[in-house]
Amino acid sequence: MSSALTDLFPLPIVQAPMAGGVSVPKLAAAVCEAGGLGFLAAGYKTADGMYQEIKQLRSLTGRPFGVNLFMPQPEYADPAAVDVYAHQLAGEATWYEAELGDPESGRDDGYETKLAVLRDNPVPVVSFHFGVPHREVIDTLHRVGTFVLATATTPDEARAVERAGADAVIAQGVEAGGHQGTHRDVPDTDGSGLGLLTLVAQIREAVGIPIVAAGGIMRGGQIAAVLAAGAAAAQLGTAFLATHESGAHALHKQALTNPLFVRTELTRAFSGRPARGLVNRFLREHGPYAPAAYPEIHHLTSPLRKAAAKAGDAQGMALWAGQGHRLARELPAGRLTEVLAGELAAARTALSGGGLPGGGLR
């Protein structure tokens with residue numbers, strides 16, 4: 001499906017915005033230069049920090065790119081539950097010789113200031129996570145020439161994205177690494193969310209705007225599958241996390257294919273909101289007790305996660321990863337984009353010929 005949005009980039013490949021220092025300008029630039037759509041993650045950055053990264057990215061590529069914002073979160077946390085969890089983490093603080101963070105460090109992530117920057121210094125694409133902005137916000141971005149996307153994890157959420165006037169919806173399957181972009185205040189962690197292909201098919205029947213499919217995609221054949229299901233493009237995060245340009249910690253990159261980390265799980269352990277990561281000691285020990293309190297728990301555990309990374313202890317880090325993490329390839333981001341494009345072309349040829357790569361039917 002062609003649209004004004006997908007006409008911005010030659011390949012139906014979008015590099016997911018991964019907050020926490022992963023989606024750095026050189027990663028986004030490499031994907032853009034290879035024909036995909038690179039993204040910066042403004043989450044957990046100041047408005048000026050976001051602006052400086054935009055300037056740096058523009059110095060690296062003249063091609064269209066995107067910036068992702070987190071929606072402000074409502075106050076639904078139980079302060080007593082946060083206090084109890086802080087007591088449970090006291091041993092972690094002692095072990096890593098770190099102080100727990102202040103859970104009341106802010107909940108809007110500088111949303112309004114970042115929007116003001118993006119209106120004054122327009123970028124080609126802006127996406128939103130953890131909800132959908134008001135139509136007035138989207139209208140102001142449209143007036144400066146920006147395309148707008150928002151994440152949905154259900155058909156109802158996709159309808160809300162369309163009603164708000166967004167140009168496309170990011171259909172995020174339960175397989176996706178990192179935070180689920182559900183619009184609900186207190187989302188579940190039981191893994192009952194829709195798988196990507198089912199979600200794309202249901203959203204395709206629910207809305208008329210283009211779909212960007214996200215969740216566990218690691219190979220060009222999977223991109224072909226979501227395009228065949230009705231998506232206009234595929235968004236890949238974990239696949240790009242292991243690339244040379246990724247800003248992810250070296251231990252995080254290594255963990256994707258390390259046999260010590262055999263599976264992923266949705267957890268509130270690190271942030272108070274469901275996010276898929278590799279199962280490590282911290283997730284196993286604290287996941288069952290972490291309250292629904294985002295961003296309070298994110299702020300609370302932030303110093304612990306930083307201390308674990310500094311100590312070289314992957315068992316205390318938030319190792320966000322999708323279900324396809326074992327298929328990660330350590331390549332330059334531009335080369336990975338080219339490889340994915342080649343696999344996509346081969347898969348499409350095979351499908352049009354009635355078979356699959358390798359000769360014959362399976």
# chains A, B, ... in the order shown; residues from 1 in each chain; ligands from 1
call {"tool": "closest_atom_pairs", "arguments": {"of": "range 30-110 of chain A", "to": "range 263-280 of chain A", "cutoff": "10 Å", "atoms": "only C-alpha atoms", "output": "tab-separated table"}}
result
residue	atom	partner	partner_atom	distance
A:Ala77	CA	A:Gly272	CA	9.1
A:Val82	CA	A:Gly272	CA	9.3
A:Tyr85	CA	A:Ala269	CA	9.5
call {"tool": "closest_atom_pairs", "arguments": {"of": "range 137-178 of chain A", "to": "range 324-341 of chain A", "cutoff": "10 Å", "atoms": "only C-alpha atoms", "output": "Markdown table"}}
result
| residue | atom | partner | partner_atom | distance |
| --- | --- | --- | --- | --- |
| A:Glu175 | CA | A:Gly324 | CA | 7.9 |
| A:Ala176 | CA | A:Gly324 | CA | 8.6 |
| A:Gly177 | CA | A:His325 | CA | 8.7 |
call {"tool": "write_last_selection", "arguments": {"atoms": "all heavy atoms", "output": "mmCIF file, in the first residue's frame"}}
result
data_model
loop_
_atom_site.group_PDB
_atom_site.id
_atom_site.type_symbol
_atom_site.label_atom_id
_atom_site.label_comp_id
_atom_site.auth_asym_id
_atom_site.auth_seq_id
_atom_site.Cartn_x
_atom_site.Cartn_y
_atom_site.Cartn_z
ATOM 1 N N GLU A 175 4.612 -9.588 20.700
ATOM 2 C CA GLU A 175 5.982 -10.094 20.563
ATOM 3 C C GLU A 175 7.043 -9.005 20.710
ATOM 4 O O GLU A 175 8.228 -9.294 20.854
ATOM 5 C CB GLU A 175 6.181 -10.731 19.178
ATOM 6 C CG GLU A 175 5.165 -11.792 18.810
ATOM 7 C CD GLU A 175 4.005 -11.244 18.001
ATOM 8 O OE1 GLU A 175 3.681 -10.045 18.164
ATOM 9 O OE2 GLU A 175 3.430 -12.008 17.212
ATOM 10 N N ALA A 176 6.639 -7.742 20.644
ATOM 11 C CA ALA A 176 7.583 -6.625 20.575
ATOM 12 C C ALA A 176 8.428 -6.496 21.837
ATOM 13 O O ALA A 176 7.947 -6.699 22.954
ATOM 14 C CB ALA A 176 6.834 -5.314 20.326
ATOM 15 N N GLY A 177 9.677 -6.101 21.650
ATOM 16 C CA GLY A 177 10.550 -5.816 22.767
ATOM 17 C C GLY A 177 10.285 -4.429 23.323
ATOM 18 O O GLY A 177 9.685 -3.581 22.671
#
call {"tool": "select_by_dssp", "arguments": {"residues": "range 86-218 of chain A", "states": "alpha helix (DSSP H)", "output": "MDAnalysis selection string"}}
result
chainID A and resid 86:88 90:96 111:120 135:143 155:163 196:206
call {"tool": "closest_residue", "arguments": {"among": "A:Thr94, A:Ala152, A:Gly36, A:Val137", "to": "Thr6 in chain A", "atoms": "only C-alpha atoms"}}
result
A:Gly36
